[in-house]
$ cat run.cif   # mmCIF, C-alpha atoms
data_upload
#
loop_
_atom_site.label_atom_id
_atom_site.label_comp_id
_atom_site.auth_asym_id
_atom_site.auth_seq_id
_atom_site.Cartn_x
_atom_site.Cartn_y
_atom_site.Cartn_z
CA MET A 12 26.43 -118.34 -21.74
CA GLN A 13 28.13 -115.61 -19.70
CA LEU A 14 27.93 -111.84 -19.45
CA GLN A 15 30.38 -110.21 -21.82
CA HIS A 16 31.17 -107.25 -19.53
CA LYS A 17 32.04 -106.90 -15.87
CA ASP A 18 29.36 -104.24 -15.34
CA ILE A 19 25.60 -103.75 -15.77
CA LEU A 20 25.39 -100.08 -16.74
CA ASP A 21 22.45 -99.86 -19.15
CA ILE A 22 20.17 -101.95 -21.33
CA ALA A 23 21.77 -100.73 -24.56
CA SER A 24 25.02 -102.57 -23.79
CA LEU A 25 23.24 -105.90 -23.19
CA SER A 26 22.60 -108.30 -26.05
CA VAL A 27 19.33 -110.17 -26.47
CA ALA A 28 21.10 -113.34 -25.35
CA GLU A 29 22.41 -111.61 -22.19
CA ILE A 30 18.95 -110.28 -21.35
CA GLU A 31 17.53 -113.78 -21.76
CA LEU A 32 20.32 -115.15 -19.54
CA ILE A 33 19.48 -112.62 -16.82
CA LEU A 34 15.74 -113.30 -17.04
CA ASP A 35 16.22 -117.08 -17.00
CA THR A 36 18.58 -116.80 -14.02
CA SER A 37 16.04 -114.56 -12.29
CA VAL A 38 13.39 -117.28 -12.56
CA GLN A 39 15.73 -119.61 -10.67
CA MET A 40 16.37 -116.91 -8.05
CA ARG A 41 12.64 -116.30 -7.64
CA GLU A 42 12.23 -119.91 -6.57
CA ILE A 43 14.66 -119.34 -3.70
CA SER A 44 12.44 -116.58 -2.35
CA SER A 45 9.51 -118.98 -2.17
CA ARG A 46 11.31 -121.45 0.11
CA PRO A 47 10.70 -121.64 3.86
CA ILE A 48 14.38 -120.76 4.37
CA LYS A 49 15.14 -118.04 1.85
CA LYS A 50 18.91 -118.32 1.83
CA VAL A 51 21.58 -120.10 -0.23
CA PRO A 52 25.38 -120.03 0.18
CA THR A 53 26.06 -119.09 -3.44
CA LEU A 54 27.89 -115.81 -2.71
CA ARG A 55 29.33 -116.69 0.68
CA GLY A 56 32.63 -114.86 1.06
CA LYS A 57 31.69 -112.21 -1.51
CA THR A 58 31.25 -108.54 -0.60
CA VAL A 59 28.70 -106.15 -2.09
CA VAL A 60 28.75 -102.38 -1.50
CA HIS A 61 25.47 -100.48 -1.88
CA PHE A 62 26.30 -96.83 -2.61
CA PHE A 63 23.06 -94.82 -2.87
CA TYR A 64 23.62 -91.13 -3.53
CA GLU A 65 19.83 -90.65 -3.92
CA PRO A 66 16.92 -91.85 -1.73
CA SER A 67 15.43 -95.23 -2.59
CA THR A 68 12.97 -97.69 -1.07
CA ARG A 69 12.32 -100.55 -3.49
CA THR A 70 15.67 -100.66 -5.31
CA LYS A 71 17.94 -100.30 -2.29
CA THR A 72 15.94 -102.67 -0.12
CA SER A 73 15.67 -105.32 -2.83
CA PHE A 74 19.41 -105.21 -3.52
CA ASP A 75 20.05 -105.60 0.19
CA VAL A 76 17.61 -108.52 0.45
CA ALA A 77 19.12 -110.06 -2.70
CA ALA A 78 22.65 -109.96 -1.28
CA LYS A 79 21.54 -111.49 2.01
CA ARG A 80 19.60 -114.30 0.34
CA LEU A 81 22.75 -115.22 -1.57
CA SER A 82 24.80 -115.08 1.69
CA ALA A 83 26.98 -112.19 0.51
CA ASP A 84 28.41 -109.71 3.00
CA SER A 85 26.92 -106.32 2.23
CA LEU A 86 27.34 -102.79 3.46
CA SER A 87 25.52 -99.57 2.67
CA LEU A 88 26.98 -96.14 2.01
CA SER A 89 25.13 -92.90 1.38
CA LYS A 90 26.26 -89.44 0.38
CA SER A 91 25.70 -88.10 3.90
CA THR A 92 27.76 -90.87 5.52
CA SER A 93 30.67 -90.75 3.08
CA SER A 94 33.61 -88.39 2.61
CA LEU A 95 31.81 -86.81 -0.35
CA VAL A 96 30.44 -84.30 2.19
CA LYS A 97 34.07 -83.39 2.97
CA GLY A 98 34.89 -82.68 -0.66
CA GLU A 99 36.20 -86.06 -1.77
CA THR A 100 35.53 -86.74 -5.44
CA LEU A 101 33.29 -89.57 -6.59
CA VAL A 102 36.23 -91.25 -8.33
CA ASP A 103 38.38 -91.09 -5.19
CA THR A 104 35.52 -92.55 -3.15
CA ALA A 105 35.17 -95.38 -5.67
CA ARG A 106 38.92 -96.07 -5.70
CA ASN A 107 39.00 -96.26 -1.92
CA LEU A 108 36.09 -98.69 -1.92
CA ASP A 109 37.80 -100.75 -4.62
CA ALA A 110 40.96 -100.90 -2.51
CA MET A 111 38.97 -102.88 0.06
CA ALA A 112 38.41 -105.58 -2.59
CA PRO A 113 34.61 -105.74 -2.88
CA ASP A 114 33.16 -108.01 -5.54
CA ALA A 115 30.46 -105.59 -6.69
CA ILE A 116 29.42 -101.98 -6.21
CA VAL A 117 25.76 -101.11 -6.65
CA ILE A 118 25.37 -97.38 -7.23
CA ARG A 119 22.51 -94.92 -7.58
CA HIS A 120 23.49 -91.38 -8.44
CA SER A 121 21.74 -88.15 -9.44
CA SER A 122 24.19 -87.51 -12.30
CA ALA A 123 23.84 -89.37 -15.59
CA GLY A 124 26.95 -91.38 -16.35
CA ALA A 125 28.21 -91.64 -12.77
CA PRO A 126 28.16 -95.49 -12.77
CA HIS A 127 30.03 -95.52 -16.10
CA LEU A 128 32.69 -93.23 -14.62
CA ILE A 129 33.13 -95.42 -11.57
CA ALA A 130 33.27 -98.59 -13.68
CA ARG A 131 36.32 -97.22 -15.52
CA HIS A 132 38.22 -96.77 -12.25
CA VAL A 133 37.46 -99.94 -10.29
CA ARG A 134 38.30 -103.60 -10.78
CA CYS A 135 35.08 -105.00 -9.34
CA GLY A 136 31.76 -105.16 -11.15
CA VAL A 137 29.49 -102.12 -11.07
CA ILE A 138 25.69 -102.32 -11.23
CA ASN A 139 23.75 -99.19 -12.11
CA ALA A 140 20.80 -98.76 -9.76
CA GLY A 141 19.70 -95.57 -11.54
CA ASP A 142 21.66 -92.55 -12.76
CA GLY A 143 19.94 -89.21 -13.24
CA ARG A 144 17.51 -89.28 -16.15
CA HIS A 145 19.72 -91.69 -18.07
CA ALA A 146 19.13 -95.33 -17.19
CA HIS A 147 17.64 -97.78 -14.72
CA PRO A 148 18.57 -101.16 -16.20
CA THR A 149 17.55 -103.32 -13.24
CA GLN A 150 14.04 -101.82 -13.27
CA ALA A 151 13.68 -102.55 -16.98
CA LEU A 152 14.86 -106.12 -16.43
CA LEU A 153 12.37 -106.75 -13.63
CA ASP A 154 9.63 -105.20 -15.76
CA MET A 155 10.49 -107.53 -18.65
CA LEU A 156 10.57 -110.48 -16.26
CA THR A 157 7.12 -109.56 -14.91
CA VAL A 158 5.62 -109.25 -18.38
CA ARG A 159 7.19 -112.53 -19.53
CA GLN A 160 5.92 -114.24 -16.36
CA HIS A 161 2.32 -113.25 -17.10
CA LYS A 162 2.31 -113.23 -20.90
CA GLY A 163 4.78 -116.02 -21.61
CA ARG A 164 6.66 -113.88 -24.12
CA LEU A 165 7.88 -110.38 -24.91
CA ASP A 166 7.87 -110.31 -28.70
CA GLY A 167 4.77 -108.99 -30.44
CA LEU A 168 3.30 -107.26 -27.37
CA ARG A 169 2.06 -103.66 -27.31
CA ILE A 170 3.50 -101.77 -24.34
CA ALA A 171 2.00 -98.35 -23.50
CA ILE A 172 4.13 -96.17 -21.22
CA ILE A 173 2.26 -93.12 -19.95
CA GLY A 174 3.50 -90.21 -17.85
CA ASP A 175 6.56 -88.05 -17.32
CA ILE A 176 8.79 -89.52 -20.04
CA THR A 177 11.31 -86.67 -20.12
CA HIS A 178 12.51 -87.11 -16.56
CA SER A 179 12.20 -90.91 -16.41
CA ARG A 180 15.25 -93.17 -16.58
CA VAL A 181 12.79 -96.06 -16.25
CA ALA A 182 11.09 -95.05 -19.51
CA ARG A 183 14.38 -94.90 -21.40
CA SER A 184 15.57 -98.28 -20.19
CA ASN A 185 12.21 -99.89 -20.86
CA CYS A 186 12.11 -98.44 -24.37
CA GLU A 187 15.50 -100.01 -25.05
CA GLY A 188 14.63 -103.30 -23.39
CA PHE A 189 11.18 -104.01 -24.73
CA THR A 190 11.97 -102.93 -28.30
CA LYS A 191 15.14 -105.03 -28.25
CA MET A 192 13.04 -108.04 -27.22
CA GLY A 193 10.50 -107.50 -30.00
CA SER A 194 7.74 -105.51 -28.32
CA GLU A 195 5.98 -102.47 -29.78
CA VAL A 196 6.31 -99.50 -27.43
CA VAL A 197 4.10 -96.41 -27.52
CA LEU A 198 4.79 -93.41 -25.28
CA CYS A 199 2.21 -90.91 -24.08
CA GLY A 200 2.28 -87.82 -21.89
CA PRO A 201 1.99 -84.05 -21.94
CA PRO A 202 4.02 -82.49 -24.81
CA THR A 203 6.15 -80.76 -22.16
CA MET A 204 7.13 -84.18 -20.78
CA ILE A 205 8.03 -85.92 -24.02
CA PRO A 206 11.72 -85.47 -24.95
CA LYS A 207 12.57 -84.50 -28.50
CA GLY A 208 14.01 -87.33 -30.56
CA ILE A 209 12.68 -90.10 -28.33
CA GLU A 210 11.46 -91.86 -31.48
CA ALA A 211 15.11 -92.79 -32.09
CA TYR A 212 14.56 -95.54 -29.51
CA GLY A 213 12.29 -97.26 -32.01
CA VAL A 214 9.08 -96.20 -30.28
CA SER A 215 5.99 -94.24 -31.32
CA VAL A 216 4.58 -91.20 -29.51
CA THR A 217 1.04 -89.93 -29.01
CA GLY A 218 -0.54 -87.26 -26.85
CA ASP A 219 -3.83 -89.16 -26.67
CA VAL A 220 -4.06 -91.57 -23.72
CA ASP A 221 -6.96 -93.49 -25.24
CA GLU A 222 -4.96 -94.02 -28.43
CA ALA A 223 -1.96 -95.25 -26.42
CA ILE A 224 -4.07 -97.70 -24.42
CA ALA A 225 -6.06 -99.05 -27.37
CA GLY A 226 -5.11 -102.70 -27.86
CA ALA A 227 -2.33 -102.53 -25.26
CA ASP A 228 -1.12 -105.73 -23.62
CA VAL A 229 0.66 -103.73 -20.93
CA VAL A 230 -0.03 -100.25 -19.57
CA MET A 231 2.84 -98.84 -17.53
CA LEU A 232 2.30 -95.62 -15.58
CA LEU A 233 5.05 -93.22 -14.51
CA ARG A 234 4.77 -90.63 -11.78
CA ILE A 235 5.37 -86.92 -12.26
CA GLN A 236 8.93 -86.41 -11.05
CA LYS A 237 8.63 -83.02 -9.39
CA GLU A 238 12.13 -83.29 -7.94
CA ARG A 239 13.68 -83.35 -11.44
CA GLN A 240 11.54 -80.81 -13.28
CA GLN A 241 10.82 -77.13 -13.42
CA ALA A 242 7.46 -75.71 -12.48
CA GLY A 243 4.84 -75.01 -15.14
CA LEU A 244 5.07 -78.21 -17.18
CA PHE A 245 1.40 -78.94 -16.49
CA PRO A 246 -1.47 -76.84 -15.05
CA SER A 247 -2.19 -78.91 -11.92
CA GLU A 248 -2.27 -82.47 -10.65
CA ARG A 249 -6.04 -82.42 -10.91
CA GLU A 250 -5.88 -81.45 -14.56
CA TYR A 251 -3.16 -84.03 -15.22
CA ALA A 252 -5.32 -86.75 -13.68
CA ARG A 253 -8.27 -85.71 -15.84
CA VAL A 254 -6.33 -85.75 -19.11
CA TYR A 255 -3.64 -88.40 -18.57
CA GLY A 256 -4.72 -90.41 -15.54
CA VAL A 257 -5.67 -94.04 -16.10
CA ASN A 258 -8.95 -95.28 -14.67
CA ARG A 259 -11.21 -98.29 -15.26
CA ARG A 260 -13.13 -96.56 -18.02
CA ARG A 261 -10.01 -95.91 -20.03
CA LEU A 262 -8.80 -99.47 -19.55
CA GLU A 263 -11.80 -100.76 -21.50
CA LYS A 264 -9.87 -99.91 -24.69
CA ALA A 265 -6.97 -102.20 -23.73
CA ARG A 266 -6.84 -105.96 -24.19
CA SER A 267 -9.00 -107.96 -21.80
CA ASP A 268 -5.91 -109.43 -20.11
CA VAL A 269 -4.00 -106.15 -19.89
CA LEU A 270 -1.30 -105.78 -17.22
CA ILE A 271 -1.08 -102.60 -15.14
CA MET A 272 2.45 -101.73 -14.08
CA HIS A 273 4.16 -98.93 -12.15
CA PRO A 274 7.79 -98.68 -10.99
CA GLY A 275 6.72 -96.78 -7.86
CA PRO A 276 6.23 -94.75 -5.88
CA ILE A 277 2.62 -94.27 -6.98
CA ASN A 278 0.90 -90.90 -6.79
CA ARG A 279 -2.56 -92.36 -6.25
CA GLY A 280 -5.34 -90.45 -7.94
CA VAL A 281 -2.91 -88.64 -10.23
CA GLU A 282 -1.40 -91.00 -12.81
CA LEU A 283 -3.35 -94.00 -11.61
CA ALA A 284 -6.76 -94.45 -9.98
CA PRO A 285 -6.57 -96.40 -6.69
CA ASP A 286 -9.04 -99.06 -7.85
CA VAL A 287 -6.83 -99.72 -10.88
CA ALA A 288 -3.61 -99.78 -8.84
CA ASP A 289 -5.17 -102.38 -6.54
CA GLY A 290 -7.38 -104.02 -9.15
CA PRO A 291 -7.28 -107.44 -10.83
CA PHE A 292 -5.07 -106.27 -13.70
CA SER A 293 -2.37 -104.85 -11.46
CA VAL A 294 0.98 -106.65 -11.25
CA ILE A 295 2.70 -103.85 -9.36
CA LEU A 296 3.55 -106.01 -6.34
CA ASP A 297 4.76 -108.75 -8.69
CA GLN A 298 7.24 -106.18 -9.99
CA VAL A 299 8.54 -105.71 -6.46
CA THR A 300 8.86 -109.46 -5.95
CA ASN A 301 10.64 -109.84 -9.26
CA GLY A 302 12.93 -106.96 -8.34
CA VAL A 303 14.52 -109.14 -5.66
CA ALA A 304 14.89 -112.04 -8.12
CA VAL A 305 16.48 -109.90 -10.84
CA ARG A 306 18.91 -108.31 -8.43
CA MET A 307 19.86 -111.71 -7.03
CA ALA A 308 20.54 -112.84 -10.60
CA LEU A 309 22.68 -109.79 -11.34
CA LEU A 310 24.70 -110.12 -8.15
CA LEU A 311 25.28 -113.78 -8.97
CA LEU A 312 26.35 -113.05 -12.54
CA VAL A 313 28.53 -110.06 -11.64
CA ALA A 314 29.96 -110.90 -8.21
CA GLY A 315 29.89 -114.66 -8.70
CA GLY A 316 32.46 -114.55 -11.47
CA THR A 317 30.17 -115.98 -14.14
CA ARG A 318 31.11 -113.48 -16.81
CA HIS A 319 33.50 -113.45 -19.74
CA GLU A 320 37.17 -113.43 -18.81
CA ASN A 321 38.11 -110.85 -21.44
CA GLN A 322 36.18 -108.02 -19.87
CA ASP A 323 36.11 -104.41 -21.01
#
$ encode --input "run.cif" --output "structure tokens"
Amino acid sequence: MQLQHKDILDIASLSVAEIELILDTSVQMREISSRPIKKVPTLRGKTVVHFFYEPSTRTKTSFDVAAKRLSADSLSLSKSTSSLVKGETLVDTARNLDAMAPDAIVIRHSSAGAPHLIARHVRCGVINAGDGRHAHPTQALLDMLTVRQHKGRLDGLRIAIIGDITHSRVARSNCEGFTKMGSEVVLCGPPTMIPKGIEAYGVSVTGDVDEAIAGADVVMLLRIQKERQQAGLFPSEREYARVYGVNRRRLEKARSDVLIMHPGPINRGVELAPDVADGPFSVILDQVTNGVAVRMALLLLVAGGTRHENQD
């Protein structure tokens, strides 16, 4: 089994078999990170470019760690250190990078579709590390890996995603991923933060947090993305925490072995009570650990040449 495309741009373009391939490969990569010497020569001689147009902690760092653990040469480029500040277009920047013959470009960009645009103009593989409100496929993959690790399966599970759905690329990718793998997904948040037509993803929507949590196998919280939204979408953070915040009392309605997840960064005391974030049901740090494994798997599958020869 190989990837059928040279790029990882979104979850929608991945088949169930490809998702399973990535998750299975990630399990193998996770084992490498548990060794005393966390390094293998698998991508020796390969070059990975990390191009992050937006700030990032977990995603950027984990991609960098992933490349190093596979022995790839990696370099980082940001908007402020590139010729974009001099007026160079994104496509010209990508073409110049491609002329240096990298094996993969990992890009995060504030504009939806930017990775897709770059992928059409470069020969190397492109991995989307988050584009605007559109997609965050690697986050969805690490979330699916984390759930499968703890639950042993993805099909038949009830996944509650609570928070700022409108501005969340994580929510969109997880809706596509979990429903594709057979999970039931229910979304919850203020009406001003639920996009119209989101039900087209095959999910259900409720404005009642207790209803969303009831019987949930997984409760995933999303932060309020102030940097992407206009003011006035909710009265105050205090009011949001009262109505939509998840605490121990609310979790009593979920399954006894519920998983608490969050893509980070956490606004403690707003979407998630600190004792829940750090409590026995939390697998938030497991998500971070699995983020390295998933990104190692993707670099291997994209930069390592293990994809279909007749690429798009």
$ resolve_selection --input "run.cif" --expression "the PyMOL selection byres ((chain A and resi 83-86) around 9)" --output "list in words"
Pro52, Thr53, Leu54, Arg55, Gly56, Lys57, Thr58, Val59, Val60, His61, Phe62, Asp75, Ala77, Ala78, Lys79, Arg80, Leu81, Ser82, Ser87 and Leu88 of chain A
$ residues_around --input "run.cif" --residues "Asp297 of chain A" --least-positions-apart "6" --cutoff "10 Å" --atoms "all atoms listed in the file" --output "MDAnalysis selection string"
chainID A and resid 153:154 156:158 160:161 272
$ resolve_selection --input "run.cif" --expression "the PyMOL selection byres ((chain A and resi 167-177) around 7)" --output "compact mmCIF listing (two decimals) with C-alpha atoms, in the frame of the given file"
# COMPACT_ATOMS: atom_id res chain seq x y z
CA LEU A 165 7.88 -110.38 -24.91
CA ASP A 166 7.87 -110.31 -28.70
CA HIS A 178 12.51 -87.11 -16.56
CA SER A 179 12.20 -90.91 -16.41
CA ALA A 182 11.09 -95.05 -19.51
CA GLY A 193 10.50 -107.50 -30.00
CA SER A 194 7.74 -105.51 -28.32
CA GLU A 195 5.98 -102.47 -29.78
CA VAL A 196 6.31 -99.50 -27.43
CA VAL A 197 4.10 -96.41 -27.52
CA LEU A 198 4.79 -93.41 -25.28
CA CYS A 199 2.21 -90.91 -24.08
CA GLY A 200 2.28 -87.82 -21.89
CA MET A 204 7.13 -84.18 -20.78
CA ILE A 205 8.03 -85.92 -24.02
CA PRO A 206 11.72 -85.47 -24.95
CA ALA A 223 -1.96 -95.25 -26.42
CA ILE A 224 -4.07 -97.70 -24.42
CA ALA A 227 -2.33 -102.53 -25.26
CA ASP A 228 -1.12 -105.73 -23.62
CA VAL A 229 0.66 -103.73 -20.93
CA VAL A 230 -0.03 -100.25 -19.57
CA MET A 231 2.84 -98.84 -17.53
CA LEU A 232 2.30 -95.62 -15.58
CA LEU A 233 5.05 -93.22 -14.51
CA ARG A 234 4.77 -90.63 -11.78
CA ILE A 235 5.37 -86.92 -12.26
CA GLN A 236 8.93 -86.41 -11.05
$ closest_residue --input "run.cif" --among "A:Glu29, A:Glu282, A:Glu222, A:Asp109" --to "Asn258 of chain A" --atoms "all atoms listed in the file"
A:Glu282
$ resolve_selection --input "run.cif" --expression "the PyMOL selection byres ((chain A and resi 25) around 12)" --output "ChimeraX atom specification"
/A:13-24,26-33,148-149,151-152,184,187-188,191-192
$ residues_near_point --input "run.cif" --point "(15.8, -99.6, -4.5)" --cutoff "12 Å" --atoms "all atoms listed in the file" --output "ChimeraX atom specification"
/A:61-77,117-120,139-141,147,149-150,274-276,299,302-303,306
$ residues_around --input "run.cif" --residues "Ile43 of chain A" --least-positions-apart "6" --cutoff "9 Å" --atoms "all atoms listed in the file" --output "list in words"
Lys49, Lys50, Val51, Arg80 and Ala304 of chain A
$ residues_around --input "run.cif" --residues "Ser122 of chain A" --least-positions-apart "2" --cutoff "9 Å" --atoms "all atoms listed in the file" --output "ChimeraX atom specification"
/A:119-120,124-126,142-145
$ residues_around --input "run.cif" --residues "Ala115 of chain A" --least-positions-apart "5" --cutoff "8 Å" --atoms "only C-alpha atoms" --output "number ranges by chain"
A: 58-60, 135-138, 310, 313-314
$ closest_residue --input "run.cif" --among "A:Asp289, A:Glu210, A:Asp268, A:Asp219" --to "Gly256 of chain A" --atoms "all atoms listed in the file"
A:Asp219
$ atom_distance --input "run.cif" --atom1 "atom CA of Val133 of chain A" --atom2 "atom CA of Leu101 of chain A"
11.8 Å
$ atom_distance --input "run.cif" --atom1 "atom CA of Ala284 of chain A" --atom2 "atom CA of Gln298 of chain A"
18.3 Å
$ atom_distance --input "run.cif" --atom1 "atom CA of Arg41 of chain A" --atom2 "atom CA of Ala265 of chain A"
29.0 Å
$ axis_aligned_box --input "run.cif" --around "segment 27-44 of chain A" --padding-each-side "5 Å" --output "JSON"
{"center_x": 17.3, "center_y": -115.0, "center_z": -14.4, "size_x": 20.2, "size_y": 19.7, "size_z": 34.1}
$ closest_residue --input "run.cif" --among "A:Asp286, A:Pro202, A:Leu270, A:Gln39" --to "Arg159 of chain A" --atoms "all atoms listed in the file"
A:Leu270
$ residues_near_point --input "run.cif" --point "(-7.7, -84.9, -11.6)" --cutoff "12 Å" --atoms "all atoms listed in the file" --output "list in words"
Phe245, Pro246, Ser247, Glu248, Arg249, Glu250, Tyr251, Ala252, Arg253, Val254, Tyr255, Gly256, Val257, Asn258, Asn278, Arg279, Gly280, Val281, Glu282, Leu283 and Ala284 of chain A
